[in-house]
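This is final_6.cif. It holds mmCIF, C-alpha atoms.
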```cif
data_final
loop_
_atom_site.label_atom_id
_atom_site.label_comp_id
_atom_site.auth_asym_id
_atom_site.auth_seq_id
_atom_site.Cartn_x
_atom_site.Cartn_y
_atom_site.Cartn_z
CA MET B 1 -9.80 -123.44 -50.40
CA ARG B 2 -11.33 -123.01 -53.84
CA ILE B 3 -12.53 -119.51 -54.77
CA SER B 4 -15.21 -119.35 -57.45
CA ARG B 5 -15.19 -116.89 -60.33
CA SER B 6 -18.46 -115.41 -59.07
CA ASN B 7 -16.89 -114.67 -55.67
CA ILE B 8 -13.93 -112.97 -57.33
CA LYS B 9 -16.28 -110.94 -59.51
CA ASN B 10 -18.39 -109.87 -56.53
CA CYS B 11 -15.33 -108.82 -54.55
CA PHE B 12 -14.05 -106.86 -57.53
CA LEU B 13 -17.40 -105.05 -57.92
CA VAL B 14 -17.46 -104.09 -54.23
CA PHE B 15 -13.87 -102.86 -54.48
CA CYS B 16 -14.64 -100.77 -57.58
CA ALA B 17 -17.77 -99.34 -56.00
CA SER B 18 -15.78 -98.31 -52.94
CA LEU B 19 -13.29 -96.58 -55.22
CA LEU B 20 -16.15 -94.67 -56.84
CA VAL B 21 -17.28 -93.37 -53.47
CA ALA B 22 -13.76 -92.45 -52.47
CA ARG B 23 -13.16 -90.72 -55.78
CA SER B 24 -16.35 -88.70 -55.50
CA CYS B 25 -15.30 -87.63 -52.03
CA HIS B 26 -11.84 -86.46 -53.10
CA GLY B 27 -11.62 -82.71 -52.81
CA SER B 28 -15.22 -82.32 -51.59
CA LYS B 29 -17.60 -84.17 -49.38
CA HIS B 30 -19.94 -86.49 -51.27
CA VAL B 31 -23.52 -86.39 -50.00
CA ALA B 32 -26.24 -88.49 -51.64
CA LEU B 33 -29.82 -87.26 -52.09
CA PHE B 34 -32.84 -89.51 -51.56
CA ILE B 35 -36.24 -88.14 -52.58
CA PHE B 36 -39.70 -89.14 -51.36
CA GLY B 37 -43.10 -87.70 -52.12
CA ASP B 38 -45.69 -86.81 -54.71
CA SER B 39 -45.91 -85.13 -58.12
CA LEU B 40 -44.00 -82.06 -56.98
CA TYR B 41 -40.90 -84.29 -56.78
CA ASP B 42 -41.76 -87.14 -59.20
CA ALA B 43 -38.98 -87.39 -61.82
CA GLY B 44 -40.81 -90.06 -63.82
CA ASN B 45 -41.68 -93.06 -61.65
CA ASN B 46 -45.35 -93.03 -62.66
CA LYS B 47 -44.64 -93.55 -66.34
CA TYR B 48 -43.42 -97.06 -65.45
CA ILE B 49 -46.68 -98.00 -63.71
CA GLU B 50 -49.03 -99.55 -66.25
CA ASP B 51 -52.34 -97.72 -66.67
CA ALA B 52 -51.40 -95.09 -64.10
CA PRO B 53 -54.00 -92.33 -64.47
CA ILE B 54 -51.53 -89.68 -63.33
CA PHE B 55 -48.40 -89.26 -65.42
CA SER B 56 -46.79 -86.55 -67.55
CA ASP B 57 -44.86 -88.42 -70.20
CA PHE B 58 -46.04 -86.42 -73.21
CA TRP B 59 -45.53 -83.03 -74.82
CA PRO B 60 -45.51 -80.17 -73.80
CA TYR B 61 -44.26 -81.43 -70.42
CA GLY B 62 -40.49 -81.01 -70.39
CA GLU B 63 -40.48 -78.39 -73.16
CA THR B 64 -38.40 -75.75 -71.39
CA PHE B 65 -35.25 -77.52 -70.19
CA PHE B 66 -35.23 -81.12 -71.39
CA LYS B 67 -36.90 -80.40 -74.75
CA HIS B 68 -38.82 -83.65 -74.39
CA PRO B 69 -41.16 -85.18 -71.78
CA THR B 70 -39.46 -87.00 -68.91
CA GLY B 71 -42.42 -87.85 -66.70
CA ARG B 72 -41.98 -84.71 -64.61
CA PRO B 73 -45.29 -82.77 -64.27
CA CYS B 74 -43.62 -79.52 -65.24
CA ASP B 75 -42.31 -77.64 -68.26
CA GLY B 76 -38.78 -78.30 -66.99
CA ARG B 77 -36.97 -79.09 -63.77
CA LEU B 78 -38.41 -79.83 -60.35
CA ILE B 79 -37.12 -78.59 -57.00
CA PRO B 80 -34.95 -81.70 -56.34
CA ASP B 81 -33.29 -81.25 -59.76
CA PHE B 82 -32.07 -77.81 -58.71
CA ILE B 83 -31.03 -79.03 -55.27
CA ALA B 84 -28.98 -81.81 -56.90
CA GLN B 85 -27.31 -79.19 -59.07
CA TYR B 86 -26.43 -77.02 -56.07
CA ALA B 87 -25.02 -80.09 -54.31
CA ASN B 88 -22.83 -80.97 -57.34
CA LEU B 89 -24.84 -84.11 -58.04
CA PRO B 90 -26.28 -85.32 -61.34
CA LEU B 91 -30.04 -85.46 -61.83
CA ILE B 92 -31.32 -88.07 -59.39
CA PRO B 93 -33.02 -90.90 -61.35
CA PRO B 94 -36.48 -92.30 -60.61
CA TYR B 95 -36.35 -95.63 -58.80
CA LEU B 96 -38.44 -97.47 -61.39
CA GLN B 97 -36.29 -96.34 -64.29
CA PRO B 98 -35.17 -99.53 -66.07
CA GLY B 99 -31.58 -100.53 -65.51
CA ASP B 100 -31.06 -98.29 -62.49
CA HIS B 101 -32.38 -100.61 -59.82
CA GLN B 102 -33.52 -104.07 -59.04
CA PHE B 103 -37.23 -104.69 -58.83
CA MET B 104 -38.34 -108.02 -57.41
CA ASP B 105 -41.65 -109.84 -57.72
CA GLY B 106 -43.80 -110.81 -54.73
CA GLU B 107 -42.45 -114.37 -54.49
CA ASN B 108 -38.83 -113.29 -54.32
CA LEU B 109 -39.72 -110.52 -51.89
CA GLU B 110 -41.28 -112.96 -49.46
CA SER B 111 -38.26 -115.24 -49.67
CA LYS B 112 -36.13 -112.29 -48.57
CA GLY B 113 -38.49 -111.14 -45.86
CA ASP B 114 -39.86 -108.12 -47.74
CA LEU B 115 -43.46 -108.85 -46.78
CA VAL B 116 -44.41 -105.18 -46.48
CA LEU B 117 -43.35 -104.40 -50.02
CA ALA B 118 -45.11 -107.48 -51.37
CA GLU B 119 -48.33 -106.41 -49.66
CA ASN B 120 -48.07 -102.84 -50.90
CA LEU B 121 -47.65 -104.00 -54.49
CA GLN B 122 -51.08 -105.66 -54.53
CA GLY B 123 -53.31 -103.92 -57.04
CA MET B 124 -50.48 -101.96 -58.70
CA VAL B 125 -49.18 -103.24 -62.05
CA ILE B 126 -45.59 -102.46 -63.00
CA SER B 127 -44.76 -102.32 -66.70
CA SER B 128 -43.24 -105.35 -68.43
CA GLU B 129 -40.17 -103.24 -69.16
CA ILE B 130 -39.47 -103.10 -65.43
CA GLN B 131 -40.03 -106.82 -64.95
CA GLN B 132 -37.15 -107.53 -67.35
CA HIS B 133 -34.75 -106.04 -64.83
CA LEU B 134 -35.51 -108.44 -61.98
CA GLN B 135 -32.62 -109.09 -59.61
CA SER B 136 -30.22 -106.78 -61.41
CA SER B 137 -27.74 -104.99 -59.15
CA ASN B 138 -25.55 -103.20 -61.65
CA HIS B 139 -26.45 -99.66 -60.71
CA ARG B 140 -24.62 -97.99 -57.85
CA PHE B 141 -26.77 -95.67 -55.82
CA ILE B 142 -23.94 -93.45 -54.67
CA ASN B 143 -25.73 -90.24 -55.74
CA GLY B 144 -29.20 -91.16 -54.47
CA VAL B 145 -32.58 -92.25 -55.84
CA ASN B 146 -35.96 -90.61 -56.40
CA PHE B 147 -38.92 -92.62 -55.05
CA ALA B 148 -41.61 -89.92 -55.48
CA SER B 149 -44.85 -90.75 -57.29
CA SER B 150 -47.46 -88.42 -58.76
CA GLY B 151 -50.71 -88.75 -56.84
CA ALA B 152 -49.05 -90.32 -53.80
CA GLY B 153 -50.17 -89.54 -50.29
CA ALA B 154 -48.99 -90.22 -46.77
CA LEU B 155 -52.17 -92.21 -46.15
CA PHE B 156 -52.52 -95.74 -47.52
CA GLU B 157 -56.05 -94.99 -48.79
CA THR B 158 -55.00 -92.07 -51.01
CA HIS B 159 -55.17 -93.26 -54.64
CA HIS B 160 -54.45 -96.79 -53.46
CA GLY B 161 -53.49 -99.25 -56.17
CA TRP B 162 -52.23 -96.90 -58.85
CA VAL B 163 -49.53 -94.80 -57.21
CA ILE B 164 -46.50 -95.53 -55.04
CA ASN B 165 -47.71 -94.38 -51.65
CA LEU B 166 -45.30 -93.23 -48.95
CA SER B 167 -45.13 -96.56 -47.13
CA THR B 168 -44.28 -98.35 -50.40
CA GLN B 169 -41.62 -95.74 -51.13
CA LEU B 170 -40.11 -96.61 -47.76
CA SER B 171 -40.18 -100.31 -48.68
CA TYR B 172 -38.37 -99.53 -51.94
CA PHE B 173 -35.79 -97.58 -49.95
CA LYS B 174 -35.20 -100.51 -47.60
CA HIS B 175 -34.74 -102.82 -50.54
CA MET B 176 -32.29 -100.38 -52.15
CA LYS B 177 -30.34 -100.29 -48.87
CA ARG B 178 -29.71 -104.04 -49.15
CA GLN B 179 -28.46 -103.60 -52.69
CA LEU B 180 -26.22 -100.80 -51.55
CA ARG B 181 -24.65 -103.05 -48.93
CA LEU B 182 -23.91 -105.67 -51.59
CA GLN B 183 -22.42 -103.09 -53.94
CA LEU B 184 -20.37 -101.01 -51.50
CA GLY B 185 -19.89 -103.23 -48.49
CA GLU B 186 -21.41 -102.69 -45.05
CA ALA B 187 -19.16 -99.84 -43.90
CA GLU B 188 -19.37 -97.70 -47.05
CA ALA B 189 -23.13 -98.21 -47.37
CA LYS B 190 -23.63 -97.17 -43.75
CA LYS B 191 -21.50 -94.07 -44.28
CA LEU B 192 -23.37 -93.06 -47.43
CA LEU B 193 -26.80 -93.43 -45.79
CA SER B 194 -25.76 -91.59 -42.61
CA THR B 195 -24.41 -88.56 -44.50
CA ALA B 196 -27.19 -88.41 -47.11
CA VAL B 197 -29.98 -85.83 -47.22
CA TYR B 198 -33.58 -87.07 -47.43
CA MET B 199 -36.12 -84.75 -49.08
CA PHE B 200 -39.91 -85.05 -48.69
CA SER B 201 -42.89 -83.46 -50.42
CA ILE B 202 -46.10 -85.18 -49.31
CA GLY B 203 -49.57 -84.47 -47.95
CA GLY B 204 -51.32 -82.41 -50.63
CA ASN B 205 -53.00 -85.40 -52.28
CA ASP B 206 -54.34 -86.61 -48.94
CA TYR B 207 -56.17 -83.30 -48.56
CA PHE B 208 -57.36 -83.20 -52.18
CA ALA B 209 -58.85 -86.66 -51.61
CA ALA B 210 -60.54 -85.44 -48.43
CA LEU B 211 -62.39 -82.77 -50.42
CA THR B 212 -64.22 -85.34 -52.53
CA PRO B 213 -67.83 -85.99 -51.44
CA THR B 214 -67.32 -89.76 -51.21
CA HIS B 215 -64.24 -89.64 -48.99
CA SER B 216 -64.92 -91.90 -46.02
CA LEU B 217 -62.27 -90.94 -43.45
CA LEU B 218 -63.66 -87.46 -42.86
CA GLN B 219 -66.93 -89.09 -41.88
CA LEU B 220 -65.06 -90.74 -39.02
CA TYR B 221 -62.50 -88.10 -38.03
CA SER B 222 -62.36 -84.34 -37.60
CA ARG B 223 -60.11 -82.27 -39.87
CA GLU B 224 -57.56 -81.97 -37.08
CA GLU B 225 -57.53 -85.73 -36.53
CA TYR B 226 -57.21 -86.37 -40.26
CA VAL B 227 -54.23 -84.00 -40.49
CA GLY B 228 -52.77 -85.75 -37.45
CA MET B 229 -52.88 -89.07 -39.29
CA VAL B 230 -51.09 -87.56 -42.30
CA ILE B 231 -48.37 -86.03 -40.11
CA GLY B 232 -48.13 -89.26 -38.10
CA ASN B 233 -47.44 -91.31 -41.22
CA ILE B 234 -44.79 -88.84 -42.37
CA THR B 235 -42.98 -88.93 -39.02
CA THR B 236 -43.20 -92.73 -38.93
CA VAL B 237 -41.37 -92.95 -42.26
CA ILE B 238 -38.76 -90.45 -41.06
CA GLN B 239 -38.20 -92.54 -37.93
CA GLU B 240 -37.79 -95.69 -40.02
CA ILE B 241 -35.17 -93.98 -42.19
CA TYR B 242 -33.47 -92.75 -39.01
CA LYS B 243 -33.24 -96.36 -37.76
CA ILE B 244 -31.51 -97.29 -41.01
CA GLY B 245 -29.01 -94.47 -40.57
CA GLY B 246 -30.55 -91.31 -42.01
CA ARG B 247 -29.90 -88.16 -40.01
CA ARG B 248 -30.59 -85.15 -42.27
CA PHE B 249 -34.04 -84.38 -43.62
CA GLY B 250 -35.49 -81.64 -45.81
CA LEU B 251 -39.22 -80.98 -45.71
CA SER B 252 -41.59 -78.32 -46.90
CA THR B 253 -44.93 -76.96 -45.77
CA LEU B 254 -47.80 -76.82 -48.25
CA ILE B 255 -48.69 -73.81 -50.37
CA ALA B 256 -52.24 -72.42 -50.15
CA LEU B 257 -53.87 -75.42 -51.84
CA GLY B 258 -57.08 -73.54 -52.54
CA CYS B 259 -55.20 -71.15 -54.85
CA LEU B 260 -54.29 -73.83 -57.38
CA PRO B 261 -55.99 -73.15 -60.75
CA SER B 262 -57.98 -76.38 -60.42
CA LEU B 263 -59.44 -75.32 -57.06
CA ARG B 264 -60.01 -71.70 -58.08
CA ALA B 265 -62.20 -73.07 -60.85
CA ALA B 266 -63.93 -75.42 -58.40
CA LYS B 267 -64.86 -72.50 -56.15
CA GLN B 268 -66.14 -70.47 -59.07
CA GLU B 269 -68.25 -73.37 -60.26
CA ARG B 270 -69.72 -73.99 -56.80
CA THR B 271 -70.31 -70.43 -55.66
CA GLY B 272 -70.09 -68.21 -58.74
CA VAL B 273 -67.42 -66.20 -56.90
CA SER B 274 -63.77 -66.02 -57.91
CA GLY B 275 -60.89 -66.59 -55.52
CA CYS B 276 -59.15 -69.38 -53.64
CA LEU B 277 -61.06 -72.35 -52.23
CA ASP B 278 -60.85 -71.72 -48.48
CA GLU B 279 -61.77 -75.29 -47.53
CA ALA B 280 -58.63 -76.62 -49.23
CA THR B 281 -56.39 -73.90 -47.85
CA MET B 282 -57.66 -74.67 -44.34
CA PHE B 283 -56.19 -78.17 -44.62
CA ALA B 284 -52.86 -76.64 -45.69
CA LYS B 285 -52.87 -74.31 -42.68
CA LEU B 286 -53.59 -77.15 -40.25
CA HIS B 287 -50.86 -79.25 -41.86
CA ASN B 288 -48.39 -76.37 -41.74
CA ARG B 289 -48.99 -75.83 -38.03
CA ALA B 290 -48.59 -79.51 -37.20
CA LEU B 291 -45.52 -80.35 -39.28
CA PRO B 292 -42.97 -78.02 -37.59
CA LYS B 293 -44.16 -79.19 -34.17
CA ALA B 294 -43.68 -82.83 -35.16
CA LEU B 295 -40.19 -82.14 -36.52
CA LYS B 296 -39.24 -80.28 -33.35
CA GLU B 297 -40.39 -83.27 -31.29
CA LEU B 298 -38.30 -85.63 -33.42
CA GLU B 299 -35.28 -83.40 -32.92
CA GLY B 300 -35.68 -83.79 -29.17
CA GLN B 301 -36.20 -87.56 -29.35
CA LEU B 302 -33.63 -88.65 -31.96
CA GLU B 303 -29.95 -88.07 -31.32
CA GLY B 304 -28.20 -86.45 -34.27
CA PHE B 305 -31.47 -85.69 -36.09
CA ARG B 306 -31.20 -82.54 -38.23
CA TYR B 307 -33.87 -81.03 -40.42
CA SER B 308 -34.67 -78.18 -42.76
CA SER B 309 -38.27 -76.95 -42.94
CA PHE B 310 -39.10 -74.64 -45.84
CA ASP B 311 -42.13 -72.35 -45.51
CA ALA B 312 -43.66 -72.89 -48.96
CA TYR B 313 -46.92 -71.32 -47.79
CA VAL B 314 -45.29 -67.93 -47.16
CA ALA B 315 -43.08 -68.14 -50.26
CA GLY B 316 -46.07 -69.02 -52.45
CA ARG B 317 -48.30 -66.34 -50.93
CA GLU B 318 -45.62 -63.72 -51.59
CA ARG B 319 -45.52 -64.60 -55.27
CA ILE B 320 -49.27 -64.87 -55.71
CA ASN B 321 -49.83 -61.50 -54.02
CA ASN B 322 -46.86 -59.73 -55.67
CA PRO B 323 -46.26 -61.53 -58.99
CA SER B 324 -44.33 -58.80 -60.82
CA LYS B 325 -41.85 -58.54 -57.94
CA TYR B 326 -40.78 -62.11 -58.69
CA GLY B 327 -40.95 -61.99 -62.49
CA PHE B 328 -44.42 -63.50 -62.99
CA LYS B 329 -47.22 -62.07 -65.12
CA GLU B 330 -49.83 -64.74 -64.33
CA VAL B 331 -50.33 -66.54 -61.00
CA GLN B 332 -53.98 -67.58 -61.15
CA GLU B 333 -54.27 -69.26 -64.54
CA ALA B 334 -52.17 -72.24 -65.60
CA CYS B 335 -49.88 -72.11 -68.62
CA CYS B 336 -51.24 -75.40 -69.99
CA GLY B 337 -54.76 -76.84 -69.84
CA SER B 338 -58.27 -75.81 -70.81
CA GLY B 339 -61.40 -74.33 -69.30
CA PRO B 340 -61.61 -71.59 -66.65
CA TYR B 341 -58.13 -70.77 -65.31
CA ARG B 342 -56.97 -73.59 -67.64
CA SER B 343 -58.01 -75.75 -64.74
CA PHE B 344 -58.96 -78.88 -66.69
CA PRO B 345 -56.10 -81.44 -66.68
CA THR B 346 -55.97 -81.65 -70.47
CA CYS B 347 -52.40 -80.41 -70.99
CA GLY B 348 -51.03 -82.17 -74.07
CA GLN B 349 -54.43 -83.56 -75.01
CA LYS B 350 -56.96 -82.61 -77.66
CA GLY B 351 -58.14 -79.02 -77.38
CA TYR B 352 -55.64 -77.89 -74.77
CA GLN B 353 -54.24 -74.36 -74.63
CA LEU B 354 -50.57 -73.51 -74.05
CA CYS B 355 -49.07 -70.17 -73.07
CA ASP B 356 -46.26 -68.61 -75.09
CA ASN B 357 -43.79 -68.26 -72.21
CA ALA B 358 -44.05 -70.63 -69.25
CA SER B 359 -41.49 -68.64 -67.26
CA GLU B 360 -44.06 -65.85 -66.86
CA TYR B 361 -46.50 -68.23 -65.15
CA PHE B 362 -46.41 -69.58 -61.60
CA PHE B 363 -48.41 -72.71 -62.52
CA PHE B 364 -47.63 -74.83 -65.55
CA ASP B 365 -50.71 -77.05 -65.37
CA PRO B 366 -53.74 -76.94 -63.04
CA ALA B 367 -51.82 -78.30 -60.04
CA HIS B 368 -48.07 -77.93 -60.59
CA PRO B 369 -45.60 -75.02 -60.62
CA THR B 370 -43.46 -74.04 -63.59
CA GLU B 371 -39.70 -74.52 -63.68
CA SER B 372 -39.36 -70.80 -62.86
CA ALA B 373 -41.36 -71.19 -59.65
CA ASN B 374 -39.49 -74.39 -58.75
CA ASN B 375 -36.19 -72.60 -59.30
CA GLN B 376 -37.13 -69.78 -56.94
CA PHE B 377 -38.33 -72.18 -54.26
CA ALA B 378 -35.20 -74.34 -54.60
CA LYS B 379 -32.93 -71.32 -54.11
CA LEU B 380 -34.75 -70.43 -50.90
CA MET B 381 -34.59 -74.03 -49.67
CA TRP B 382 -30.88 -74.20 -50.45
CA SER B 383 -29.61 -70.94 -49.01
CA GLY B 384 -32.59 -69.04 -47.61
CA SER B 385 -32.51 -67.22 -44.28
CA LEU B 386 -34.23 -68.25 -41.05
CA ASP B 387 -37.37 -66.30 -41.88
CA ILE B 388 -38.22 -68.76 -44.67
CA VAL B 389 -36.31 -71.98 -43.90
CA LYS B 390 -35.42 -73.20 -40.42
CA PRO B 391 -33.60 -74.25 -38.32
CA TYR B 392 -31.15 -75.03 -41.15
CA ASN B 393 -31.23 -74.51 -44.89
CA LEU B 394 -30.33 -77.41 -47.18
CA LYS B 395 -26.90 -75.99 -47.97
CA THR B 396 -26.03 -76.28 -44.29
CA LEU B 397 -27.23 -79.89 -44.16
CA PHE B 398 -25.22 -80.86 -47.24
CA GLU B 399 -22.05 -79.16 -46.02
CA GLU B 400 -22.38 -80.07 -42.33
#
```
Could you express the structure from this file as structure tokens?
Amino acid sequence: MRISRSNIKNCFLVFCASLLVARSCHGSKHVALFIFGDSLYDAGNNKYIEDAPIFSDFWPYGETFFKHPTGRPCDGRLIPDFIAQYANLPLIPPYLQPGDHQFMDGENLESKGDLVLAENLQGMVISSEIQQHLQSSNHRFINGVNFASSGAGALFETHHGWVINLSTQLSYFKHMKRQLRLQLGEAEAKKLLSTAVYMFSIGGNDYFAALTPTHSLLQLYSREEYVGMVIGNITTVIQEIYKIGGRRFGLSTLIALGCLPSLRAAKQERTGVSGCLDEATMFAKLHNRALPKALKELEGQLEGFRYSSFDAYVAGRERINNPSKYGFKEVQEACCGSGPYRSFPTCGQKGYQLCDNASEYFFFDPAHPTESANNQFAKLMWSGSLDIVKPYNLKTLFEE
């Protein structure tokens, strides 16, 4: 029997990849981290989407830690960056980062049965830089991948066409799984996916969209029904990942959305009164009541399902009500932006204002926390007690 050079090369790559996994496991358990969600977790995917209206790839984003913009909507690191550090992992790269993944066009996707991904790509243009990396499988995903996209929602309609919504993120994950099987072999890929932790931050953009006067779904559904659709889409994605092998999931409730600088300014403009926009916070409260119930139901339905649910609402409220206790001097106004509360999304653009010390602020721009706030939240998610993260913290899930 004749063995081709390509077959020998492929076997060698699988063997080497398996050695990498084994080596990373020596002395400590290797657990990968896969990240899904919106701008709170986006490590730079949006900067590879052509003409994306939401991205943060310019100064002063990234000024604190990286000293240059990375696409993260923050002055420094995001929550998953800290979690990766605690888990002894490197920074988890964005999926669309050139050279780190394989991105296929619609024709090739259909030939491989990826009809869902092909459909979800309609209307979204990926940069030419990404297209140059078609069908490349050089990167090994042994540490995980970040699929999060700024502006993304759980609902298909939320910012459709110019963000990577949650269902498309799932399609990317399924495609990555096939690459992983080619790189590591079936057994090692299955082991990596079954021991990995899957983090989610999603839902806020669905509720921001619902607050716009032209939003159509709220004309058809009540607030409770709308929240139910958001939660339903989240649990559907979790169940799909479970079918593929995922067992450990980390999620977070929403902070009081109405207290973001952008929505404080909106309330002041509408009513002439300062304070948080109650209409937005009401969506957060409904979401936060529904999410733990849904996770508890999944725990009863799915054998081996484990989850960590962080109460971001309580943690955020504590810091907004008692800023000095947590090292903050300003929790209403953003560090970077313009207008009332620096609520205009002009950070890095003409006429913007920038604070002297971002670590003293809870919000870096009108809608996103500073690295200092992310660091505090990440510590609670990693090793917090049952009063703030339950039924397990992330440290328990990683070490289980």
Could you give me, as a Markdown table, every stretch 194-219 of chain B residue with an atom at most 12 Å from stretch 262-267 of chain B, plus its closest atom pair and distance in Å to one decimal, counting all atoms listed in the file, rows ordered by chain then number?
```
| residue | atom | partner | partner_atom | distance |
| --- | --- | --- | --- | --- |
| B:Phe208 | CA | B:Leu263 | CA | 9.5 |
| B:Leu211 | CA | B:Leu263 | CA | 10.4 |
| B:Thr212 | CA | B:Ala266 | CA | 11.5 |
```
Selected residues written out, C-alpha atoms, as a CSV table (one decimal), in the coordinates of the input:
```csv
chain,number,residue,atom,x,y,z
B,208,PHE,CA,-57.4,-83.2,-52.2
B,211,LEU,CA,-62.4,-82.8,-50.4
B,212,THR,CA,-64.2,-85.3,-52.5
```
B:Phe364 environment, 8 Å, only C-alpha atoms, sequence neighbours closer than 5 positions dropped, as a ChimeraX atom specification: /B:74-75,334-336,358,369-370
Non-local contacts of B:Thr281 (9 Å; only C-alpha atoms; under 6 positions in same chain excluded) as a list in words: Ile255, Ala256, Leu257, Gly258 and Cys259 of chain B
Mind pulling up the distance from atom CA of B:Glu360 to atom CA of B:Gly203?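 So the answer is 27.1 Å.
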Would you mind telling me which residue in B:Lys293, B:Arg223, B:Lys329, B:Arg342 lies nearest to B:Leu260 when using all atoms listed in the file? B:Arg342
I would like the residues chosen by the PyMOL selection byres ((chain B and resi 86) around 12) on the shown file; could you give them as a ChimeraX atom specification? /B:31,33,79-85,87-91,375,378-383,394-396,398-399
Atom-to-atom span, atom CA of B:Pro345 and atom CA of B:Pro73, Å: 11.2 Å
Distance atom CA of B:Glu186-atom CA of B:Tyr392, one decimal place?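 Separating atom CA of B:Glu186 from atom CA of B:Tyr392 is a distance of 29.6 Å.
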I'd like the neighbourhood of stretch 283-287 of chain B as a PDB file with C-alpha atoms, keeping the file's coordinate frame, where a residue qualifies if any of its atoms comes within 12 Å (using only C-alpha atoms), though same-chain residues fewer than 4 positions away should be ignored.
```pdb
ATOM      1  CA  ILE B 202     -46.100 -85.180 -49.310  1.00  0.00           C
ATOM      2  CA  GLY B 203     -49.570 -84.470 -47.950  1.00  0.00           C
ATOM      3  CA  GLY B 204     -51.320 -82.410 -50.630  1.00  0.00           C
ATOM      4  CA  ASN B 205     -53.000 -85.400 -52.280  1.00  0.00           C
ATOM      5  CA  ASP B 206     -54.340 -86.610 -48.940  1.00  0.00           C
ATOM      6  CA  TYR B 207     -56.170 -83.300 -48.560  1.00  0.00           C
ATOM      7  CA  PHE B 208     -57.360 -83.200 -52.180  1.00  0.00           C
ATOM      8  CA  ALA B 209     -58.850 -86.660 -51.610  1.00  0.00           C
ATOM      9  CA  ALA B 210     -60.540 -85.440 -48.430  1.00  0.00           C
ATOM     10  CA  LEU B 211     -62.390 -82.770 -50.420  1.00  0.00           C
ATOM     11  CA  SER B 222     -62.360 -84.340 -37.600  1.00  0.00           C
ATOM     12  CA  ARG B 223     -60.110 -82.270 -39.870  1.00  0.00           C
ATOM     13  CA  GLU B 224     -57.560 -81.970 -37.080  1.00  0.00           C
ATOM     14  CA  GLU B 225     -57.530 -85.730 -36.530  1.00  0.00           C
ATOM     15  CA  TYR B 226     -57.210 -86.370 -40.260  1.00  0.00           C
ATOM     16  CA  VAL B 227     -54.230 -84.000 -40.490  1.00  0.00           C
ATOM     17  CA  GLY B 228     -52.770 -85.750 -37.450  1.00  0.00           C
ATOM     18  CA  MET B 229     -52.880 -89.070 -39.290  1.00  0.00           C
ATOM     19  CA  VAL B 230     -51.090 -87.560 -42.300  1.00  0.00           C
ATOM     20  CA  ILE B 231     -48.370 -86.030 -40.110  1.00  0.00           C
ATOM     21  CA  GLY B 232     -48.130 -89.260 -38.100  1.00  0.00           C
ATOM     22  CA  ILE B 234     -44.790 -88.840 -42.370  1.00  0.00           C
ATOM     23  CA  SER B 252     -41.590 -78.320 -46.900  1.00  0.00           C
ATOM     24  CA  THR B 253     -44.930 -76.960 -45.770  1.00  0.00           C
ATOM     25  CA  LEU B 254     -47.800 -76.820 -48.250  1.00  0.00           C
ATOM     26  CA  ILE B 255     -48.690 -73.810 -50.370  1.00  0.00           C
ATOM     27  CA  ALA B 256     -52.240 -72.420 -50.150  1.00  0.00           C
ATOM     28  CA  LEU B 257     -53.870 -75.420 -51.840  1.00  0.00           C
ATOM     29  CA  GLY B 258     -57.080 -73.540 -52.540  1.00  0.00           C
ATOM     30  CA  CYS B 259     -55.200 -71.150 -54.850  1.00  0.00           C
ATOM     31  CA  LEU B 277     -61.060 -72.350 -52.230  1.00  0.00           C
ATOM     32  CA  ASP B 278     -60.850 -71.720 -48.480  1.00  0.00           C
ATOM     33  CA  GLU B 279     -61.770 -75.290 -47.530  1.00  0.00           C
ATOM     34  CA  LEU B 291     -45.520 -80.350 -39.280  1.00  0.00           C
ATOM     35  CA  PRO B 292     -42.970 -78.020 -37.590  1.00  0.00           C
ATOM     36  CA  LYS B 293     -44.160 -79.190 -34.170  1.00  0.00           C
ATOM     37  CA  ALA B 294     -43.680 -82.830 -35.160  1.00  0.00           C
ATOM     38  CA  ASP B 311     -42.130 -72.350 -45.510  1.00  0.00           C
ATOM     39  CA  ALA B 312     -43.660 -72.890 -48.960  1.00  0.00           C
ATOM     40  CA  TYR B 313     -46.920 -71.320 -47.790  1.00  0.00           C
ATOM     41  CA  VAL B 314     -45.290 -67.930 -47.160  1.00  0.00           C
TER      42      VAL B 314
END
```
Apply the PyMOL selection byres ((chain B and resi 62) around 10) to the structure shown and report the selected residues as an mmCIF file with C-alpha atoms, in the frame of the given file.
```cif
data_model
loop_
_atom_site.group_PDB
_atom_site.id
_atom_site.type_symbol
_atom_site.label_atom_id
_atom_site.label_comp_id
_atom_site.auth_asym_id
_atom_site.auth_seq_id
_atom_site.Cartn_x
_atom_site.Cartn_y
_atom_site.Cartn_z
ATOM 1 C CA SER B 56 -46.790 -86.550 -67.550
ATOM 2 C CA ASP B 57 -44.860 -88.420 -70.200
ATOM 3 C CA PHE B 58 -46.040 -86.420 -73.210
ATOM 4 C CA TRP B 59 -45.530 -83.030 -74.820
ATOM 5 C CA PRO B 60 -45.510 -80.170 -73.800
ATOM 6 C CA TYR B 61 -44.260 -81.430 -70.420
ATOM 7 C CA GLU B 63 -40.480 -78.390 -73.160
ATOM 8 C CA THR B 64 -38.400 -75.750 -71.390
ATOM 9 C CA PHE B 65 -35.250 -77.520 -70.190
ATOM 10 C CA PHE B 66 -35.230 -81.120 -71.390
ATOM 11 C CA LYS B 67 -36.900 -80.400 -74.750
ATOM 12 C CA HIS B 68 -38.820 -83.650 -74.390
ATOM 13 C CA PRO B 69 -41.160 -85.180 -71.780
ATOM 14 C CA THR B 70 -39.460 -87.000 -68.910
ATOM 15 C CA GLY B 71 -42.420 -87.850 -66.700
ATOM 16 C CA ARG B 72 -41.980 -84.710 -64.610
ATOM 17 C CA PRO B 73 -45.290 -82.770 -64.270
ATOM 18 C CA CYS B 74 -43.620 -79.520 -65.240
ATOM 19 C CA ASP B 75 -42.310 -77.640 -68.260
ATOM 20 C CA GLY B 76 -38.780 -78.300 -66.990
ATOM 21 C CA ARG B 77 -36.970 -79.090 -63.770
ATOM 22 C CA GLU B 371 -39.700 -74.520 -63.680
#
```
